[in-house]
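Chemist: Sending over start_0.txt (compact mmCIF, C-alpha atoms).
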# COMPACT_ATOMS: atom_id res chain seq x y z
CA MET A 46 -20.76 -10.39 -52.71
CA THR A 47 -18.76 -8.70 -55.46
CA SER A 48 -15.08 -7.84 -55.39
CA LYS A 49 -16.05 -4.17 -55.45
CA THR A 50 -18.06 -4.56 -52.24
CA ILE A 51 -15.22 -6.43 -50.54
CA ALA A 52 -12.68 -3.81 -51.59
CA SER A 53 -15.00 -1.04 -50.35
CA GLY A 54 -15.35 -2.79 -46.98
CA ILE A 55 -11.58 -3.23 -46.66
CA LEU A 56 -10.95 0.42 -47.51
CA ARG A 57 -13.60 1.49 -45.00
CA ALA A 58 -12.02 -0.68 -42.28
CA VAL A 59 -8.55 0.67 -43.07
CA GLY A 60 -9.93 4.20 -42.95
CA VAL A 61 -11.50 3.56 -39.55
CA ILE A 62 -8.23 2.10 -38.20
CA ILE A 63 -6.25 5.07 -39.52
CA GLY A 64 -8.78 7.47 -38.05
CA ILE A 65 -8.59 5.79 -34.64
CA GLY A 66 -4.81 5.82 -34.80
CA LEU A 67 -4.75 9.53 -35.64
CA LEU A 68 -7.21 10.25 -32.84
CA LEU A 69 -5.08 8.37 -30.32
CA TYR A 70 -1.96 10.15 -31.56
CA PHE A 71 -3.74 13.49 -31.25
CA LEU A 72 -4.84 12.70 -27.71
CA TYR A 73 -1.29 11.63 -26.86
CA LYS A 74 0.12 14.93 -28.12
CA ILE A 75 -2.38 16.99 -26.11
CA GLN A 76 -2.14 14.87 -22.95
CA SER A 77 -1.04 17.88 -20.93
CA VAL A 78 -4.20 19.74 -21.96
CA LEU A 79 -6.31 16.73 -21.01
CA ALA A 80 -4.57 16.68 -17.64
CA TYR A 81 -5.35 20.39 -17.16
CA LEU A 82 -9.01 19.70 -17.98
CA ALA A 83 -9.16 16.79 -15.53
CA ILE A 84 -7.56 18.78 -12.70
CA ALA A 85 -9.79 21.77 -13.42
CA ALA A 86 -12.85 19.52 -13.33
CA VAL A 87 -11.81 18.20 -9.89
CA ILE A 88 -11.26 21.75 -8.61
CA ALA A 89 -14.66 22.77 -9.98
CA LEU A 90 -16.30 19.83 -8.22
CA ILE A 91 -14.62 20.76 -4.93
CA GLY A 92 -15.57 24.43 -5.26
CA ARG A 93 -19.11 23.74 -6.45
CA PRO A 94 -20.69 23.42 -2.97
CA LEU A 95 -19.18 26.75 -1.91
CA VAL A 96 -20.39 28.50 -5.07
CA LEU A 97 -23.91 27.13 -4.51
CA PHE A 98 -23.79 28.24 -0.86
CA LEU A 99 -22.75 31.79 -1.79
CA ARG A 100 -25.41 32.00 -4.49
CA ARG A 101 -28.31 30.56 -2.51
CA ARG A 102 -27.60 31.61 1.07
CA ALA A 103 -25.43 34.71 0.75
CA LYS A 104 -27.30 35.88 -2.42
CA PHE A 105 -24.07 36.49 -4.32
CA PRO A 106 -24.31 36.97 -8.08
CA ASN A 107 -22.96 33.95 -9.94
CA THR A 108 -19.77 35.63 -11.16
CA LEU A 109 -19.01 37.14 -7.75
CA ALA A 110 -19.58 33.77 -6.06
CA VAL A 111 -17.16 32.09 -8.48
CA VAL A 112 -14.55 34.84 -8.03
CA ALA A 113 -14.82 34.61 -4.24
CA THR A 114 -14.44 30.81 -4.41
CA MET A 115 -11.42 31.03 -6.72
CA VAL A 116 -9.77 33.67 -4.53
CA LEU A 117 -10.28 31.47 -1.47
CA MET A 118 -8.85 28.41 -3.21
CA VAL A 119 -5.87 30.32 -4.59
CA GLY A 120 -5.29 31.83 -1.15
CA LEU A 121 -5.25 28.35 0.37
CA LEU A 122 -2.81 27.18 -2.29
CA VAL A 123 -0.48 30.13 -1.67
CA GLY A 124 -0.70 29.56 2.07
CA ILE A 125 0.17 25.88 1.66
CA VAL A 126 3.15 26.69 -0.55
CA ALA A 127 4.30 29.35 1.92
CA LEU A 128 4.18 26.78 4.72
CA PHE A 129 6.79 24.66 2.96
CA VAL A 130 9.38 27.45 2.84
CA PRO A 131 10.41 27.10 6.52
CA LEU A 132 10.53 23.31 6.14
CA LEU A 133 12.80 23.47 3.10
CA THR A 134 14.99 26.06 4.80
CA GLU A 135 15.27 24.05 8.00
CA GLN A 136 15.93 20.77 6.21
CA GLY A 137 18.48 22.56 4.09
CA LYS A 138 20.33 23.59 7.23
CA ASN A 139 20.00 20.18 8.83
CA LEU A 140 21.29 18.41 5.75
CA SER A 141 24.07 20.96 5.28
CA LEU A 142 23.32 21.36 1.60
CA LEU A 143 26.06 23.94 1.31
CA ASN A 144 28.58 21.64 3.00
CA ILE A 145 28.49 18.25 1.31
CA ASP A 146 31.48 16.96 3.31
CA GLU A 147 29.76 17.73 6.62
CA LEU A 148 26.55 16.06 5.46
CA GLN A 149 28.52 13.01 4.38
CA LYS A 150 30.21 12.85 7.77
CA ASN A 151 26.90 13.18 9.68
CA LEU A 152 25.14 10.49 7.67
CA ASN A 153 28.05 8.08 7.98
CA SER A 154 28.07 8.71 11.72
CA LEU A 155 24.31 8.07 11.89
CA TYR A 156 24.80 4.86 9.90
CA ARG A 157 27.42 3.60 12.35
CA GLU A 158 25.22 4.44 15.35
CA ILE A 159 22.28 2.53 13.88
CA THR A 160 24.34 -0.58 13.16
CA ASP A 161 25.97 -0.46 16.60
CA TYR A 162 22.61 0.00 18.34
CA PHE A 163 20.98 -2.98 16.65
CA GLY A 164 24.12 -5.09 17.04
CA ALA A 165 24.48 -5.82 13.35
CA SER A 166 27.88 -7.21 12.45
CA PRO A 167 29.83 -5.36 9.75
CA GLU A 168 29.98 -8.53 7.64
CA VAL A 169 26.18 -8.92 7.57
CA VAL A 170 25.64 -5.25 6.75
CA LYS A 171 28.22 -5.37 4.00
CA GLU A 172 26.55 -8.41 2.47
CA VAL A 173 23.10 -6.79 2.53
CA ILE A 174 24.44 -3.57 1.06
CA LYS A 175 26.33 -5.47 -1.60
CA GLU A 176 23.20 -7.35 -2.63
CA ALA A 177 21.27 -4.06 -2.78
CA ASP A 178 24.06 -2.54 -4.91
CA LEU A 179 24.57 0.26 -2.38
CA GLU A 180 28.08 -0.64 -1.26
CA LYS A 181 29.75 2.14 -3.19
CA ASN A 182 27.41 4.79 -1.81
CA ILE A 183 27.39 3.77 1.84
CA LEU A 184 30.64 1.99 2.60
CA GLU A 185 32.92 4.14 0.49
CA GLY A 186 31.24 7.40 1.42
CA LEU A 187 27.87 8.77 0.41
CA ASP A 188 28.03 10.46 -2.97
CA ILE A 189 25.34 13.08 -2.54
CA GLY A 190 26.57 15.68 -4.94
CA PHE A 191 23.40 15.05 -6.89
CA ILE A 192 21.41 17.23 -4.47
CA PRO A 193 22.29 20.62 -6.05
CA ASN A 194 21.57 19.22 -9.51
CA PHE A 195 18.28 17.86 -8.26
CA LEU A 196 17.32 21.25 -6.87
CA ASN A 197 18.13 22.93 -10.19
CA SER A 198 15.97 20.40 -12.04
CA PHE A 199 13.22 20.96 -9.51
CA LEU A 200 13.27 24.70 -10.17
CA ASP A 201 13.02 24.07 -13.91
CA VAL A 202 10.01 21.85 -13.38
CA LEU A 203 8.49 24.46 -11.07
CA SER A 204 8.78 27.20 -13.69
CA THR A 205 7.16 24.94 -16.28
CA ALA A 206 4.41 23.99 -13.84
CA SER A 207 3.49 27.66 -13.41
CA ILE A 208 2.08 27.62 -16.93
CA GLY A 209 0.02 24.58 -16.05
CA LEU A 210 -1.18 26.26 -12.86
CA PHE A 211 -2.43 29.29 -14.76
CA SER A 212 -4.16 27.04 -17.31
CA VAL A 213 -5.87 25.02 -14.59
CA LEU A 214 -7.10 28.13 -12.76
CA PHE A 215 -8.36 29.67 -16.01
CA ILE A 216 -10.30 26.53 -16.99
CA SER A 217 -11.59 26.04 -13.43
CA PHE A 218 -13.03 29.55 -13.38
CA PHE A 219 -15.20 28.90 -16.43
CA PHE A 220 -16.20 25.42 -15.22
CA LEU A 221 -17.44 27.04 -12.00
CA LYS A 222 -19.00 30.03 -13.74
CA ASP A 223 -20.93 27.92 -16.22
CA SER A 224 -21.76 24.58 -14.65
CA LYS A 225 -23.34 23.41 -17.90
CA LEU A 226 -20.24 24.10 -20.00
CA PHE A 227 -18.80 20.62 -19.58
CA GLN A 228 -22.25 19.10 -20.01
CA ARG A 229 -22.84 20.85 -23.32
CA GLY A 230 -19.47 19.67 -24.55
CA ILE A 231 -20.39 16.05 -23.84
CA LEU A 232 -23.86 16.37 -25.35
CA THR A 233 -22.24 17.40 -28.61
CA PHE A 234 -21.18 13.77 -29.11
CA VAL A 235 -24.38 12.16 -27.74
CA PRO A 236 -27.33 11.10 -29.94
CA ARG A 237 -30.50 13.12 -29.35
CA ASN A 238 -32.45 10.15 -28.01
CA LYS A 239 -29.82 9.71 -25.28
CA GLU A 240 -29.54 13.34 -24.20
CA THR A 241 -32.04 13.14 -21.33
CA GLY A 242 -30.34 10.15 -19.76
CA THR A 243 -26.94 11.75 -20.24
CA VAL A 244 -28.04 14.97 -18.52
CA ASN A 245 -29.45 13.00 -15.58
CA SER A 246 -26.20 11.02 -15.33
CA ILE A 247 -24.04 14.15 -15.39
CA ASP A 248 -26.10 15.84 -12.67
CA LYS A 249 -25.90 12.77 -10.42
CA ILE A 250 -22.17 12.34 -11.11
CA ASN A 251 -21.52 15.99 -10.22
CA ASN A 252 -23.35 15.61 -6.90
CA LEU A 253 -21.65 12.34 -5.96
CA LEU A 254 -18.15 13.41 -6.95
CA SER A 255 -18.52 16.78 -5.23
CA ARG A 256 -19.41 14.98 -2.02
CA TYR A 257 -16.56 12.51 -2.54
CA PHE A 258 -13.86 15.14 -3.04
CA VAL A 259 -15.13 17.23 -0.13
CA GLY A 260 -15.14 14.07 1.98
CA LEU A 261 -11.59 13.32 0.83
CA LEU A 262 -10.53 16.77 2.03
CA LEU A 263 -12.18 16.02 5.38
CA GLN A 264 -10.26 12.72 5.57
CA ILE A 265 -6.97 14.51 4.91
CA PHE A 266 -7.84 17.16 7.51
CA ILE A 267 -8.49 14.53 10.20
CA LEU A 268 -5.13 12.88 9.54
CA PHE A 269 -3.48 16.30 9.45
CA VAL A 270 -4.81 17.10 12.92
CA ILE A 271 -3.64 13.74 14.34
CA TYR A 272 -0.19 13.97 12.74
CA THR A 273 0.26 17.58 13.85
CA ALA A 274 -0.61 16.73 17.43
CA VAL A 275 1.86 13.82 17.44
CA LEU A 276 4.72 15.85 15.95
CA LEU A 277 4.11 18.76 18.33
CA ILE A 278 4.10 16.42 21.33
CA VAL A 279 7.34 14.79 20.17
CA GLY A 280 8.87 18.22 19.59
CA ILE A 281 9.57 18.15 15.84
CA GLU A 282 10.16 21.50 14.15
CA ASN A 283 7.83 22.50 11.30
CA ALA A 284 5.31 19.96 12.59
CA ILE A 285 2.37 21.54 10.74
CA VAL A 286 4.06 21.39 7.34
CA ILE A 287 5.34 17.83 7.79
CA ALA A 288 1.91 16.68 8.99
CA PHE A 289 0.18 18.27 6.02
CA LEU A 290 2.63 16.76 3.55
CA CYS A 291 2.25 13.27 4.99
CA ALA A 292 -1.54 13.53 5.24
CA LEU A 293 -1.65 14.60 1.61
CA PHE A 294 -0.08 11.29 0.55
CA ASN A 295 -3.29 9.56 1.65
CA ILE A 296 -4.82 10.63 -1.65
CA ILE A 297 -3.09 7.50 -2.97
CA PRO A 298 -5.03 4.57 -1.45
CA TYR A 299 -3.09 2.00 0.59
CA ILE A 300 0.33 2.95 -0.82
CA GLY A 301 0.08 6.65 0.10
CA PRO A 302 -0.04 6.10 3.89
CA ILE A 303 3.13 3.99 3.67
CA ILE A 304 4.93 6.68 1.69
CA GLY A 305 3.70 9.36 4.08
CA GLY A 306 4.83 7.34 7.08
CA VAL A 307 8.31 6.83 5.65
CA VAL A 308 8.58 10.54 4.84
CA MET A 309 7.52 11.50 8.36
CA ILE A 310 10.01 9.11 9.98
CA VAL A 311 12.83 10.32 7.72
CA LEU A 312 12.06 14.00 8.38
CA THR A 313 11.89 13.26 12.10
CA MET A 314 15.35 11.68 12.00
CA THR A 315 16.93 14.38 9.81
CA SER A 316 15.46 17.07 12.05
CA ASN A 317 17.58 15.63 14.85
CA LEU A 318 20.62 14.78 12.76
CA GLY A 319 23.80 14.96 14.85
CA MET A 320 22.09 14.03 18.13
CA ASP A 321 22.52 10.71 19.93
CA PHE A 322 20.71 7.91 18.11
CA SER A 323 19.68 5.71 21.05
CA SER A 324 18.52 8.46 23.42
CA VAL A 325 17.04 11.03 21.01
CA ILE A 326 16.53 9.93 17.42
CA LEU A 327 15.18 6.41 18.01
CA PRO A 328 12.67 7.33 20.78
CA LYS A 329 11.27 10.22 18.76
CA ALA A 330 10.97 8.05 15.66
CA GLY A 331 9.18 5.42 17.77
CA TYR A 332 6.67 7.94 19.14
CA VAL A 333 6.00 9.22 15.63
CA LEU A 334 5.45 5.65 14.44
CA ILE A 335 2.88 5.14 17.21
CA GLY A 336 1.13 8.34 16.13
CA LEU A 337 1.12 7.17 12.51
CA THR A 338 -0.46 3.89 13.58
CA ILE A 339 -3.19 5.68 15.54
CA GLY A 340 -3.90 7.97 12.60
CA GLN A 341 -4.21 5.07 10.18
CA LEU A 342 -6.49 3.14 12.54
CA VAL A 343 -8.81 6.14 12.80
CA ASP A 344 -8.68 6.60 9.03
CA ASN A 345 -9.28 2.97 8.10
CA PHE A 346 -12.05 2.21 10.59
CA PHE A 347 -13.87 5.57 10.79
CA SER A 348 -12.99 8.15 8.14
CA GLN A 349 -12.85 6.04 4.98
CA PRO A 350 -16.00 3.95 5.62
CA PHE A 351 -17.95 7.11 6.42
CA ILE A 352 -16.77 8.89 3.27
CA PHE A 353 -17.38 5.97 0.92
CA SER A 354 -20.78 5.06 2.32
CA ASN A 355 -22.07 8.62 2.36
CA SER A 356 -20.49 10.09 -0.76
CA VAL A 357 -20.18 7.48 -3.52
CA LYS A 358 -22.74 5.04 -2.07
CA SER A 359 -20.44 2.03 -2.29
CA HIS A 360 -19.52 -0.69 0.20
CA PRO A 361 -15.94 -0.48 1.58
CA LEU A 362 -15.18 -4.02 0.34
CA GLU A 363 -16.45 -3.06 -3.09
CA ILE A 364 -14.18 -0.02 -3.08
CA PHE A 365 -11.21 -2.09 -1.89
CA LEU A 366 -11.54 -4.53 -4.79
CA VAL A 367 -11.97 -1.73 -7.33
CA ILE A 368 -8.84 0.08 -6.07
CA ILE A 369 -6.75 -3.10 -6.12
CA ILE A 370 -7.86 -4.01 -9.65
CA ALA A 371 -7.28 -0.47 -10.91
CA GLY A 372 -3.83 -0.46 -9.30
CA LEU A 373 -2.88 -3.73 -10.99
CA LEU A 374 -4.07 -2.46 -14.36
CA PHE A 375 -2.95 1.17 -14.32
CA GLY A 376 -0.56 1.56 -11.39
CA VAL A 377 -0.68 4.44 -8.91
CA VAL A 378 -2.71 6.69 -11.22
CA GLY A 379 -5.32 3.95 -11.49
CA MET A 380 -5.57 3.73 -7.70
CA ILE A 381 -6.12 7.47 -7.41
CA VAL A 382 -8.89 7.64 -10.03
CA ALA A 383 -10.44 4.27 -9.17
CA VAL A 384 -13.18 5.53 -6.83
CA PRO A 385 -14.39 8.52 -8.91
CA GLY A 386 -14.09 6.47 -12.12
CA TYR A 387 -16.07 3.59 -10.64
CA THR A 388 -18.71 6.03 -9.43
CA VAL A 389 -19.11 7.45 -12.94
CA ILE A 390 -19.46 3.96 -14.41
CA LYS A 391 -22.09 2.99 -11.84
CA VAL A 392 -24.18 6.09 -12.52
CA VAL A 393 -24.05 5.56 -16.29
CA LEU A 394 -24.97 1.87 -15.93
CA LYS A 395 -27.90 2.69 -13.67
CA GLU A 396 -29.22 5.31 -16.10
CA PHE A 397 -28.96 3.28 -19.31
CA PHE A 398 -29.03 -0.37 -18.14
CA ALA A 399 -31.29 -0.18 -15.10
CA GLU A 400 -33.15 -3.38 -16.05
CA ASN A 401 -30.01 -5.53 -15.89
CA LYS A 402 -29.86 -7.67 -12.74
CA PHE A 403 -26.13 -7.21 -12.20
CA VAL A 404 -26.47 -3.44 -12.58
CA GLN A 405 -29.37 -3.43 -10.12
CA ASN A 406 -27.26 -5.22 -7.53
CA ILE A 407 -24.25 -2.87 -7.70
CA THR A 408 -26.29 0.33 -7.98
CA GLN A 409 -29.06 -0.33 -5.46
CA LYS A 410 -27.75 2.40 -3.12
CA LEU A 411 -27.59 5.11 -5.80
Translate this file's structure into structure tokens.
Modeler:
Amino acid sequence: MTSKTIASGILRAVGVIIGIGLLLYFLYKIQSVLAYLAIAAVIALIGRPLVLFLRRRAKFPNTLAVVATMVLMVGLLVGIVALFVPLLTEQGKNLSLLNIDELQKNLNSLYREITDYFGASPEVVKEVIKEADLEKNILEGLDIGFIPNFLNSFLDVLSTASIGLFSVLFISFFFLKDSKLFQRGILTFVPRNKETGTVNSIDKINNLLSRYFVGLLLQIFILFVIYTAVLLIVGIENAIVIAFLCALFNIIPYIGPIIGGVVMIVLTMTSNLGMDFSSVILPKAGYVLIGLTIGQLVDNFFSQPFIFSNSVKSHPLEIFLVIIIAGLLFGVVGMIVAVPGYTVIKVVLKEFFAENKFVQNITQKL
């Protein structure tokens, strides 16, 4: 091997490393666009069954079917956003956002009632708060002047998100209108001898993920109905909005239900802020907690197994391990994309490595 050959190999390797680095940098800079594409793909997968229904059963032209689907989805989005207006208004009144001193007084009063009810000594509470570095906020008065600043920041984010919303809707329309658009884009980077297998994989992935996301919506709807019934029975204002918000957190496996439960309990307590803790706030929070438990039992033992077994063709234990591993590696985002990502990997493995024994074992239901 001559020095010229070695130098050429080194230069080629350096060039490849630089190229990969530039590609990664480029992807990092356009991460928002990639996020728009991913969200649009999910929306297209959710809307795909409705488009097919309108085309095949209602005999709609393709464009009209897509427009009708997009209008329905946008209408649902607008309706959901409109539902949150009364909740924000009511919580704004309850928390006295325009009277910080009154809010501070109410929360301090609620704090004292809680400690008195549970018989916690001031010394123990002070020690716990001191260890949690909350002494200044709770014992010396709650400094909650951050709320107006937070709302201003939220409005700024909302205005920026409107651009993203338009981009997602625009991309989703063309994904629904031309179901092969995404497929053709992928085939551009696939060798010709692999095109047939890639097309088969994409078709199977579209079917499985469409069923998964529709099933996920069904799961959220079941929890929404249970939570709404519980909140209405307890007598919480804006029960529908609170139930929807907390059910929506179940998109995040395992952690989401905990977050949703905490949010529901907190909103239940703030909805009754100023009332007696032992006779009003605590009983209502207890009933809501019971309702949350019932909802999670139904979800864990009926909804989730049904969705996973019938949509992505995977065993619940298999899904549990995949979600936990993805969460450890990539955090909350990994937990959210674990199931669809694992489904894609299984389909690709079955198509291109069907003779492998391990692949045969994990893809036998596909």
Chemist: Please compute the CA of Phe346 (chain A)-CA of Leu262 (chain A) distance, one decimal, in Å.
Modeler: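 If I compute the distance from CA of Phe346 (chain A) to CA of Leu262 (chain A), I get 17.0 Å.
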Chemist: Of the residues A:Ile65, A:Val389, A:Val279, A:Leu226, which is the one nearest to Asn317 (chain A), using all atoms listed in the file?
Modeler: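 Nearest candidate to Asn317 (chain A) out of A:Ile65, A:Val389, A:Val279, A:Leu226: A:Val279.
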Chemist: By how many Å are CA of Val111 (chain A) and CA of Glu240 (chain A) apart?
Modeler: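 Distance reported for this atom pair: 27.4 Å.
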Chemist: Work out how far apart CA of Leu366 (chain A) and CA of Leu394 (chain A) are and give it in Å to one decimal.
Modeler: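 Pair CA of Leu366 (chain A) / CA of Leu394 (chain A) returns 18.6 Å.
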Chemist: Name the residues in contact with Pro385 (chain A) at a cut-off of 9 Å, using only C-alpha atoms, excluding same-chain residues fewer than 3 positions from it; report them as a PDB file with C-alpha atoms, in the frame of the given file.
Modeler:
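After the write, out23.pdb holds the following:
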ATOM      1  CA  ILE A 250     -22.170  12.340 -11.110  1.00  0.00           C
ATOM      2  CA  LEU A 253     -21.650  12.340  -5.960  1.00  0.00           C
ATOM      3  CA  LEU A 254     -18.150  13.410  -6.950  1.00  0.00           C
ATOM      4  CA  TYR A 257     -16.560  12.510  -2.540  1.00  0.00           C
ATOM      5  CA  PHE A 258     -13.860  15.140  -3.040  1.00  0.00           C
ATOM      6  CA  VAL A 357     -20.180   7.480  -3.520  1.00  0.00           C
ATOM      7  CA  ILE A 381      -6.120   7.470  -7.410  1.00  0.00           C
ATOM      8  CA  VAL A 382      -8.890   7.640 -10.030  1.00  0.00           C
ATOM      9  CA  THR A 388     -18.710   6.030  -9.430  1.00  0.00           C
ATOM     10  CA  VAL A 389     -19.110   7.450 -12.940  1.00  0.00           C
ATOM     11  CA  ILE A 390     -19.460   3.960 -14.410  1.00  0.00           C
TER      12      ILE A 390
END
Chemist: Within 10 Å of (-4.8, 15.0, 8.9) in the file's own coordinates, which protein, DNA or RNA residues have an atom, counting only C-alpha atoms? List them as a list in words.
Modeler: Leu262, Leu263, Gln264, Ile265, Phe266, Ile267, Leu268, Phe269, Val270, Ile271, Tyr272, Thr273, Ala274, Ile285, Ala288, Phe289, Leu290, Cys291, Ala292, Leu293, Asn295, Gly340 and Asp344 of chain A
Chemist: Let me make sure I understand: among A:Val96, A:Met380, A:Ile303, A:Leu334, which one has the smallest atom-to-atom distance to Thr108 (chain A) if we use only C-alpha atoms?
Modeler: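 Looking at the shortest contact to Thr108 (chain A), the residue is A:Val96.
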Chemist: Excluding Val404 (chain A) and any residue of its chain fewer than 6 positions from it, enumerate the residues within 9 Å of it, using only C-alpha atoms, and give them as JSON, numbers by chain.
Modeler: {"A": [391, 394, 395, 398]}
Chemist: May I have the residues within 12 Å of Lys358 (chain A) as an MDAnalysis selection string, using only C-alpha atoms and disregarding those fewer than 2 positions away in the same chain?
Modeler: chainID A and resid 249:250 252:254 256:257 350:356 360:361 363:364 384:385 387:389 391:392 407:411
Chemist: Taking the point (-6.1, 23.5, -11.9) as given in the file, collect each protein or nucleic acid residue that comes within 6 Å of it, counting all atoms listed in the file, and present the set as a VMD selection string.
Modeler: chain A and resid 84 to 85 210 213 to 214
Chemist: Could you give me, as a JSON list (two decimals) with C-alpha atoms, in the frame of the given file, the residues within 12 Å of Asp248 (chain A), counting all atoms listed in the file and dropping anything in the same chain fewer than 2 positions from it?
Modeler:
[["chain", "number", "residue", "atom", "x", "y", "z"],
["A", 90, "LEU", "CA", -16.30, 19.83, -8.22],
["A", 224, "SER", "CA", -21.76, 24.58, -14.65],
["A", 225, "LYS", "CA", -23.34, 23.41, -17.90],
["A", 227, "PHE", "CA", -18.80, 20.62, -19.58],
["A", 228, "GLN", "CA", -22.25, 19.10, -20.01],
["A", 241, "THR", "CA", -32.04, 13.14, -21.33],
["A", 242, "GLY", "CA", -30.34, 10.15, -19.76],
["A", 243, "THR", "CA", -26.94, 11.75, -20.24],
["A", 244, "VAL", "CA", -28.04, 14.97, -18.52],
["A", 245, "ASN", "CA", -29.45, 13.00, -15.58],
["A", 246, "SER", "CA", -26.20, 11.02, -15.33],
["A", 250, "ILE", "CA", -22.17, 12.34, -11.11],
["A", 251, "ASN", "CA", -21.52, 15.99, -10.22],
["A", 252, "ASN", "CA", -23.35, 15.61, -6.90],
["A", 253, "LEU", "CA", -21.65, 12.34, -5.96],
["A", 254, "LEU", "CA", -18.15, 13.41, -6.95],
["A", 255, "SER", "CA", -18.52, 16.78, -5.23],
["A", 389, "VAL", "CA", -19.11, 7.45, -12.94],
["A", 392, "VAL", "CA", -24.18, 6.09, -12.52],
["A", 393, "VAL", "CA", -24.05, 5.56, -16.29],
["A", 396, "GLU", "CA", -29.22, 5.31, -16.10]]
Chemist: Write out N, CA and C atoms for region 224-242 of chain A, as a PDB file, in the coordinates of the input.
Modeler:
ATOM      1  N   SER A 224     -21.753  25.986 -15.037  1.00  0.00           N
ATOM      2  CA  SER A 224     -21.760  24.580 -14.650  1.00  0.00           C
ATOM      3  C   SER A 224     -22.210  23.667 -15.774  1.00  0.00           C
ATOM      4  N   LYS A 225     -22.858  24.216 -16.783  1.00  0.00           N
ATOM      5  CA  LYS A 225     -23.340  23.410 -17.900  1.00  0.00           C
ATOM      6  C   LYS A 225     -22.348  23.364 -19.057  1.00  0.00           C
ATOM      7  N   LEU A 226     -21.210  24.034 -18.902  1.00  0.00           N
ATOM      8  CA  LEU A 226     -20.240  24.100 -20.000  1.00  0.00           C
ATOM      9  C   LEU A 226     -19.724  22.710 -20.352  1.00  0.00           C
ATOM     10  N   PHE A 227     -19.304  21.964 -19.356  1.00  0.00           N
ATOM     11  CA  PHE A 227     -18.800  20.620 -19.580  1.00  0.00           C
ATOM     12  C   PHE A 227     -19.911  19.713 -20.106  1.00  0.00           C
ATOM     13  N   GLN A 228     -21.108  19.909 -19.583  1.00  0.00           N
ATOM     14  CA  GLN A 228     -22.250  19.100 -20.010  1.00  0.00           C
ATOM     15  C   GLN A 228     -22.561  19.317 -21.477  1.00  0.00           C
ATOM     16  N   ARG A 229     -22.553  20.565 -21.913  1.00  0.00           N
ATOM     17  CA  ARG A 229     -22.840  20.850 -23.320  1.00  0.00           C
ATOM     18  C   ARG A 229     -21.767  20.259 -24.231  1.00  0.00           C
ATOM     19  N   GLY A 230     -20.541  20.261 -23.756  1.00  0.00           N
ATOM     20  CA  GLY A 230     -19.470  19.670 -24.550  1.00  0.00           C
ATOM     21  C   GLY A 230     -19.673  18.175 -24.755  1.00  0.00           C
ATOM     22  N   ILE A 231     -20.128  17.489 -23.715  1.00  0.00           N
ATOM     23  CA  ILE A 231     -20.390  16.050 -23.840  1.00  0.00           C
ATOM     24  C   ILE A 231     -21.597  15.783 -24.721  1.00  0.00           C
ATOM     25  N   LEU A 232     -22.642  16.584 -24.568  1.00  0.00           N
ATOM     26  CA  LEU A 232     -23.860  16.370 -25.350  1.00  0.00           C
ATOM     27  C   LEU A 232     -23.629  16.551 -26.846  1.00  0.00           C
ATOM     28  N   THR A 233     -22.563  17.243 -27.194  1.00  0.00           N
ATOM     29  CA  THR A 233     -22.240  17.400 -28.610  1.00  0.00           C
ATOM     30  C   THR A 233     -22.014  16.055 -29.288  1.00  0.00           C
ATOM     31  N   PHE A 234     -21.510  15.087 -28.544  1.00  0.00           N
ATOM     32  CA  PHE A 234     -21.180  13.770 -29.110  1.00  0.00           C
ATOM     33  C   PHE A 234     -22.231  12.710 -28.778  1.00  0.00           C
ATOM     34  N   VAL A 235     -23.356  13.117 -28.155  1.00  0.00           N
ATOM     35  CA  VAL A 235     -24.380  12.160 -27.740  1.00  0.00           C
ATOM     36  C   VAL A 235     -25.581  12.235 -28.673  1.00  0.00           C
ATOM     37  N   PRO A 236     -26.118  11.094 -29.106  1.00  0.00           N
ATOM     38  CA  PRO A 236     -27.330  11.100 -29.940  1.00  0.00           C
ATOM     39  C   PRO A 236     -28.485  11.781 -29.204  1.00  0.00           C
ATOM     40  N   ARG A 237     -29.401  12.356 -29.954  1.00  0.00           N
ATOM     41  CA  ARG A 237     -30.500  13.120 -29.350  1.00  0.00           C
ATOM     42  C   ARG A 237     -31.381  12.260 -28.447  1.00  0.00           C
ATOM     43  N   ASN A 238     -31.577  11.001 -28.818  1.00  0.00           N
ATOM     44  CA  ASN A 238     -32.450  10.150 -28.010  1.00  0.00           C
ATOM     45  C   ASN A 238     -31.803   9.738 -26.686  1.00  0.00           C
ATOM     46  N   LYS A 239     -30.521  10.037 -26.521  1.00  0.00           N
ATOM     47  CA  LYS A 239     -29.820   9.710 -25.280  1.00  0.00           C
ATOM     48  C   LYS A 239     -29.500  10.941 -24.436  1.00  0.00           C
ATOM     49  N   GLU A 240     -29.926  12.104 -24.891  1.00  0.00           N
ATOM     50  CA  GLU A 240     -29.540  13.340 -24.200  1.00  0.00           C
ATOM     51  C   GLU A 240     -30.130  13.434 -22.800  1.00  0.00           C
ATOM     52  N   THR A 241     -31.400  13.044 -22.643  1.00  0.00           N
ATOM     53  CA  THR A 241     -32.040  13.140 -21.330  1.00  0.00           C
ATOM     54  C   THR A 241     -31.330  12.276 -20.295  1.00  0.00           C
ATOM     55  N   GLY A 242     -31.053  11.037 -20.671  1.00  0.00           N
ATOM     56  CA  GLY A 242     -30.340  10.150 -19.760  1.00  0.00           C
ATOM     57  C   GLY A 242     -28.938  10.642 -19.450  1.00  0.00           C
TER      58      GLY A 242
END
